[in-house]
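Everything on this sheet refers to the single structure shown next.
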Amino acid sequence: MSDKKEFVKELTSMDEDFASWYTDIILKAELVDYAPVKGFMVIRPYGYEIWENIQSILDKKFKETGHKNAYFPLLIPESLLNKEKEHVEGFAPEVAWVTQGGSNELGEKLCIRPTSETIISTMYSKWVKSYRDLPVLINQWANVVRWEKTTRPFLRTTEFLWQEGHTLHETAKEAEEETIKMLNVYADVYENYLAIPVVKGQKSEKEKFAGAVATYTIEALMHDGKALQSATSHFFGDGFAKAFNIKYQGRDGREAYPYQTSWGMTTRSIGGIIMTHGDERGLKLPPKVAPIQVVIVPFAQHKEGVLEKVEEIRTILAKDFRVEADVRDWQTPGFKCNHWELRGVPVRIEIGPKDIEQGTCILFRRDTFEKTTVKLENITEEIGKLLEDIQTNMLQMARENRTKKTGVAKNMDEYLKLFEKGDGFVKIMWCGERSCEDKLKELTSATIRCIPFEEEHLSDTCCVCGKAAKHMVYTGKQY
């Protein structure tokens with residue numbers, strides 16, 4: 001039904017101009033629109049439904065691991081932000097300030113939260129008095145503001161939506177276990193729900209979160225070969241606890257400071273879905289998070305019995321799937337097919353008078369464009385199997401793209417040649433020195449994405465300086 005040429009007219013080719021293709025997708029698929037204030041986005045209902053589905057999955061997993069939701073204020077006094085020196089220095093360039101309330105100047109500047117460690121730590125200092133109060137396992141669903149210089153909807157915006165977990169523990173071991181546990185939750189959601197493969201690992205000292213002892217990350221590779229930091233989990237040690245005077249009486253009766261973590265995932269994940277799975281025809285949504293999993297497009301809907309059969313099928317499928325019937329009588333079936341392909345609906349049902357006569361319908365799958373004819377009496381079972389297969393296939397296709405765009409370099413000549421060919425992950429050995437890390441960025445704009453938990457031995461020497469190597473690292477250009 002769909003002609004690829006029609007889509008080329010509608011969308012910029014992703015191979016010619018990936019950035020313009022991305023902008024076309026988010027606007028034409030009605031995921032977002034630009035707000036009046038530069039750098040802000042309006043998330044439209046179709047885009048917000050994707051976030052709601054991701055949010056629902058994450059929230060369930062957080063609660064299963066013992067975390068409870070709370071909410072903390074949007075505005076944070078400057079004095080609180082200044083309590084943790086490294087933290088405030090890291091965020092200072094991005095902070096937006098409120099200096100006036102009504103017509104009155106405020107006695108103290110208030111920052112619009114760029115993250116909530118400071119306000120949450122302040123409250124923890126009031127609530128935690130004994131080892132019996134630990135662990136504290138709290139998550140917040142919120143918006144934050146970071147005054148970014150260069151913005152792109154979902155990927156990097158001045159305001160974005162996220163969740164931020166903030167926990168306190170008796171021991172460093174418990175806190176470190178928490179950071180890895182939550183990183184694994186994120187990896188599970190990305191791979192098994194968003195169909196995006198990720199590399200789990202630790203950030204370098206240069207790339208870690210301001211104020212953290214260690215930052216852990218999941219890194220994904222987009223269709224164009226650029227990396228996306230997809231979620232992070234931070235071990236703070238007792239630094240924030242000391243700065244904010246969070247003390248408790250330990251089991252031995254002595255005063256102690258708890259160990260702290262934070263971890264977060266944002267609406268950037270929607271950008272990741274678009275750039276991992278999208279194609280020349282538009283969005284391609286994983287069934288588990290698609291707002292509409294199945295759309296029914298009737299043919300010759302003006303003929304007797306067609307709309308009645310469409311509604312009958314919709315009612316049956318609605319018990320198990322997120323389904324819609326497109327019965328707009330002012331649009332052609334061809335237009336409707338293109339419309340829903342652009343929006344990435346995983347399965348389309350096509351049905352007309354002849355199909356009804358034969359007790360069949362046509363199933364179109366968005367991931368491979370294949371069509372199959374199935375009996376209406378088996379439709380629930382067939383669609384269930386098809387959605388599972390699409391979910392699995394999308395992850396496999398993303399893995400194949402990542403493999404194709406991942407290289408290995410043992411020296412700088414090899415490294416530079418790989419980036420001349422195009423972007424992607426490049427695995428190298430690294431001595432651990434900041435100067436070599438800086439050199440990589442200077443020559444290619446690529447950064448060390450992470451030191452993976454699963455390291456490989458590529459050689460004995462650092463790719464940059466030739467000295468003894470300490471780690472194998474993933475490098476790449478990032479969004």
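To be explicit about the labels: the chains of the structure tokens are called A, B, and onward in the order shown, and within each one the residues are counted from 1, while ligands get numbers from 1 in the order they are shown.
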
Checklist entry - Which polymer residues have any atom within 7 Å of an atom of stretch 44-60 of chain A, counting only C-alpha atoms, with same-chain residues fewer than 6 positions away left out, as a list in words? => result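 That gives Glu30, Leu31, Val32, Thr267, Val289, Ala290 and Pro291 of chain A.
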
Shell of 12 Å around A:Lys109, only C-alpha atoms, local chain residues under 3 positions omitted, as an mmCIF file with N, CA and C atoms, in the first residue's frame:
data_model
loop_
_atom_site.group_PDB
_atom_site.id
_atom_site.type_symbol
_atom_site.label_atom_id
_atom_site.label_comp_id
_atom_site.auth_asym_id
_atom_site.auth_seq_id
_atom_site.Cartn_x
_atom_site.Cartn_y
_atom_site.Cartn_z
ATOM 1 N N LEU A 75 12.493 24.677 43.715
ATOM 2 C CA LEU A 75 13.444 25.760 43.971
ATOM 3 C C LEU A 75 14.354 25.409 45.137
ATOM 4 N N ILE A 76 15.654 25.692 44.958
ATOM 5 C CA ILE A 76 16.660 25.330 45.958
ATOM 6 C C ILE A 76 17.451 26.582 46.333
ATOM 7 N N PRO A 77 17.540 26.933 47.623
ATOM 8 C CA PRO A 77 18.315 28.105 48.042
ATOM 9 C C PRO A 77 19.783 27.986 47.635
ATOM 10 N N GLU A 78 20.381 29.109 47.260
ATOM 11 C CA GLU A 78 21.771 29.130 46.826
ATOM 12 C C GLU A 78 22.698 28.574 47.902
ATOM 13 N N SER A 79 22.387 28.847 49.154
ATOM 14 C CA SER A 79 23.243 28.383 50.257
ATOM 15 C C SER A 79 23.322 26.857 50.297
ATOM 16 N N LEU A 80 22.238 26.167 49.938
ATOM 17 C CA LEU A 80 22.256 24.699 49.920
ATOM 18 C C LEU A 80 23.113 24.191 48.760
ATOM 19 N N LEU A 81 22.967 24.837 47.616
ATOM 20 C CA LEU A 81 23.731 24.417 46.448
ATOM 21 C C LEU A 81 25.232 24.563 46.694
ATOM 22 N N ASN A 82 25.612 25.557 47.484
ATOM 23 C CA ASN A 82 27.031 25.829 47.727
ATOM 24 C C ASN A 82 27.677 24.908 48.762
ATOM 25 N N VAL A 95 22.953 26.537 35.681
ATOM 26 C CA VAL A 95 21.899 26.837 36.654
ATOM 27 C C VAL A 95 21.080 28.058 36.234
ATOM 28 N N ALA A 96 19.757 27.930 36.349
ATOM 29 C CA ALA A 96 18.842 29.069 36.156
ATOM 30 C C ALA A 96 18.418 29.567 37.534
ATOM 31 N N TRP A 97 18.415 30.894 37.710
ATOM 32 C CA TRP A 97 18.166 31.477 39.032
ATOM 33 C C TRP A 97 16.859 32.267 39.080
ATOM 34 N N VAL A 98 16.186 32.187 40.220
ATOM 35 C CA VAL A 98 15.025 33.036 40.509
ATOM 36 C C VAL A 98 15.483 34.079 41.521
ATOM 37 N N THR A 99 15.350 35.353 41.176
ATOM 38 C CA THR A 99 15.844 36.428 42.052
ATOM 39 C C THR A 99 14.734 37.353 42.543
ATOM 40 N N GLN A 100 13.527 37.159 42.024
ATOM 41 C CA GLN A 100 12.435 38.059 42.384
ATOM 42 C C GLN A 100 11.148 37.271 42.565
ATOM 43 N N GLY A 101 10.386 37.594 43.604
ATOM 44 C CA GLY A 101 9.078 36.998 43.842
ATOM 45 C C GLY A 101 8.035 38.092 43.777
ATOM 46 N N GLU A 105 12.426 41.803 45.519
ATOM 47 C CA GLU A 105 13.694 41.100 45.377
ATOM 48 C C GLU A 105 13.807 40.058 46.487
ATOM 49 N N LEU A 106 14.266 38.860 46.164
ATOM 50 C CA LEU A 106 14.424 37.816 47.174
ATOM 51 C C LEU A 106 15.681 38.064 47.997
ATOM 52 N N ILE A 112 16.537 26.957 40.092
ATOM 53 C CA ILE A 112 15.582 25.957 39.618
ATOM 54 C C ILE A 112 16.369 24.662 39.486
#

Set out as a Markdown table a contact list for stretch 359-447 of chain A and stretch 181-205 of chain A with a cut-off of 10 Å, giving each residue of stretch 359-447 of chain A that qualifies its closest atom pair and distance in Å to one decimal, counting only C-alpha atoms, ordered by chain and rising residue number.
| residue | atom | partner | partner_atom | distance |
| --- | --- | --- | --- | --- |
| A:Ile390 | CA | A:Ala195 | CA | 9.7 |
| A:Gln391 | CA | A:Ala195 | CA | 6.6 |
| A:Thr392 | CA | A:Ala195 | CA | 7.4 |
| A:Asn393 | CA | A:Ala195 | CA | 8.6 |
| A:Met394 | CA | A:Ala195 | CA | 6.0 |
| A:Leu395 | CA | A:Ala195 | CA | 4.3 |
| A:Gln396 | CA | A:Ala195 | CA | 8.1 |
| A:Met397 | CA | A:Ala195 | CA | 9.1 |
| A:Ala398 | CA | A:Ile196 | CA | 6.3 |
| A:Arg399 | CA | A:Pro197 | CA | 6.1 |
| A:Glu400 | CA | A:Pro197 | CA | 9.8 |
| A:Arg402 | CA | A:Pro197 | CA | 8.2 |
| A:Gly432 | CA | A:Ser204 | CA | 8.3 |
| A:Glu433 | CA | A:Glu205 | CA | 9.8 |
| A:Arg434 | CA | A:Glu205 | CA | 8.3 |
| A:Glu437 | CA | A:Ser204 | CA | 9.1 |
| A:Thr447 | CA | A:Ser204 | CA | 9.9 |

Item to check | Pairwise distance for atom CA of A:Ser459 and atom CA of A:Ile428, rounded to one decimal in Å | outcome: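 It comes out at 8.6 Å.
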
Item to check | Which of stretch 59-240 of chain A fall in strand (DSSP E), as a ChimeraX atom specification | outcome: /A:68-69,75-77,96-101,104-112,136-145,159-169,199-202,214-221,227-237

Checklist outcome for this item: Correct to one decimal, the distance atom CA of A:Glu414-atom CA of A:Val426 is 10.0 Å

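Atom CA of A:Glu177 sits 20.0 Å away from atom CA of A:Ser121.
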
Next on the checklist: Which residues are close to stretch 161-165 of chain A, i.e. within 6 Å by only C-alpha atoms, leaving aside same-chain residues fewer than 4 positions away? Reply as an NGL selection string.
Outcome noted: :A and (138-143 or 262-267)

Using the selection just defined, write its residues with C-alpha atoms as a compact mmCIF listing (two decimals), in the first residue's frame.
# COMPACT_ATOMS: atom_id res chain seq x y z
CA ILE A 138 13.44 7.11 47.58
CA ASN A 139 12.68 7.97 43.96
CA GLN A 140 11.31 11.21 42.54
CA TRP A 141 9.53 11.77 39.21
CA ALA A 142 10.19 15.38 38.26
CA ASN A 143 11.34 17.98 35.77
CA SER A 262 21.67 8.67 43.04
CA TRP A 263 20.55 7.37 39.67
CA GLY A 264 18.44 8.69 36.79
CA MET A 265 16.88 8.11 33.39
CA THR A 266 15.22 10.80 31.29
CA THR A 267 13.02 11.62 28.30

Checklist entry - Skipping near chain neighbours, those fewer than 4 positions away, what residues fall within 10 Å of A:Glu10 using only C-alpha atoms, listed as a list in words? => result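 Final neighbour list, sorted by chain and number: Lys5, Glu6, Trp21, Asp24, Ile25, Lys28, Glu280, Arg281, Gly282 and Leu342 of chain A.
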
Next on the checklist: Going by DSSP on the backbone, which residues of stretch 149-307 of chain A come out as alpha helix (DSSP H)? List them as a ChimeraX atom specification.
Outcome noted: /A:172-192,239-243,268-277,306-307

Got time to write the residues from that selection, C-alpha atoms, as a PDB file, in the first residue's frame?
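This is the output file result14.pdb:
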ATOM      1  CA  ALA A 172      29.860   1.640  51.271  1.00  0.00           C
ATOM      2  CA  LYS A 173      29.379  -1.943  50.043  1.00  0.00           C
ATOM      3  CA  GLU A 174      25.581  -1.661  50.268  1.00  0.00           C
ATOM      4  CA  ALA A 175      25.610   1.688  48.453  1.00  0.00           C
ATOM      5  CA  GLU A 176      27.867   0.388  45.699  1.00  0.00           C
ATOM      6  CA  GLU A 177      25.621  -2.654  45.282  1.00  0.00           C
ATOM      7  CA  GLU A 178      22.653  -0.298  44.955  1.00  0.00           C
ATOM      8  CA  THR A 179      24.286   1.688  42.139  1.00  0.00           C
ATOM      9  CA  ILE A 180      24.998  -1.468  40.132  1.00  0.00           C
ATOM     10  CA  LYS A 181      21.549  -2.928  40.853  1.00  0.00           C
ATOM     11  CA  MET A 182      19.838   0.183  39.483  1.00  0.00           C
ATOM     12  CA  LEU A 183      22.162   0.334  36.482  1.00  0.00           C
ATOM     13  CA  ASN A 184      21.107  -3.231  35.709  1.00  0.00           C
ATOM     14  CA  VAL A 185      17.454  -2.159  35.947  1.00  0.00           C
ATOM     15  CA  TYR A 186      18.126   0.527  33.334  1.00  0.00           C
ATOM     16  CA  ALA A 187      19.971  -1.919  31.082  1.00  0.00           C
ATOM     17  CA  ASP A 188      17.068  -4.353  31.340  1.00  0.00           C
ATOM     18  CA  VAL A 189      14.547  -1.650  30.363  1.00  0.00           C
ATOM     19  CA  TYR A 190      16.657  -0.439  27.441  1.00  0.00           C
ATOM     20  CA  GLU A 191      17.321  -3.879  26.010  1.00  0.00           C
ATOM     21  CA  ASN A 192      14.109  -5.764  26.801  1.00  0.00           C
ATOM     22  CA  GLY A 239      30.753  13.206  50.792  1.00  0.00           C
ATOM     23  CA  PHE A 240      27.227  14.613  50.561  1.00  0.00           C
ATOM     24  CA  ALA A 241      26.376  13.213  54.004  1.00  0.00           C
ATOM     25  CA  LYS A 242      29.294  15.132  55.538  1.00  0.00           C
ATOM     26  CA  ALA A 243      28.508  18.316  53.593  1.00  0.00           C
ATOM     27  CA  ARG A 268      16.268  11.335  26.329  1.00  0.00           C
ATOM     28  CA  SER A 269      15.291   7.655  26.078  1.00  0.00           C
ATOM     29  CA  ILE A 270      12.628   8.650  23.515  1.00  0.00           C
ATOM     30  CA  GLY A 271      15.343  10.255  21.391  1.00  0.00           C
ATOM     31  CA  GLY A 272      17.246   6.979  21.689  1.00  0.00           C
ATOM     32  CA  ILE A 273      14.258   5.008  20.374  1.00  0.00           C
ATOM     33  CA  ILE A 274      13.887   7.356  17.403  1.00  0.00           C
ATOM     34  CA  MET A 275      17.578   7.295  16.435  1.00  0.00           C
ATOM     35  CA  THR A 276      18.123   3.571  17.005  1.00  0.00           C
ATOM     36  CA  HIS A 277      15.078   2.226  15.185  1.00  0.00           C
ATOM     37  CA  VAL A 306     -16.977  -3.113   6.899  1.00  0.00           C
ATOM     38  CA  LEU A 307     -17.049  -0.630   9.795  1.00  0.00           C
TER      39      LEU A 307
END

Checklist entry - Counting only C-alpha atoms, what is within 12 Å of stretch 251-254 of chain A, bar same-chain residues fewer than 4 positions away, as a PyMOL selection string? => result chain A and resi 129-134+170-171+247

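Near A:Gly66, within 8 Å and counting only C-alpha atoms, sit Phe62, Lys63 and Leu137 of chain A; same-chain residues fewer than 3 positions away were not included.
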
Once you have the residues from the selection above, write them out as an mmCIF file, in the first residue's frame, restricted to N, CA and C atoms.
data_model
loop_
_atom_site.group_PDB
_atom_site.id
_atom_site.type_symbol
_atom_site.label_atom_id
_atom_site.label_comp_id
_atom_site.auth_asym_id
_atom_site.auth_seq_id
_atom_site.Cartn_x
_atom_site.Cartn_y
_atom_site.Cartn_z
ATOM 1 N N PHE A 62 11.149 -0.128 40.124
ATOM 2 C CA PHE A 62 11.655 0.562 41.317
ATOM 3 C C PHE A 62 10.941 0.047 42.566
ATOM 4 N N LYS A 63 9.634 -0.086 42.472
ATOM 5 C CA LYS A 63 8.854 -0.533 43.633
ATOM 6 C C LYS A 63 9.164 -1.981 43.975
ATOM 7 N N LEU A 137 15.306 4.502 50.667
ATOM 8 C CA LEU A 137 15.221 4.186 49.237
ATOM 9 C C LEU A 137 14.096 5.009 48.606
#
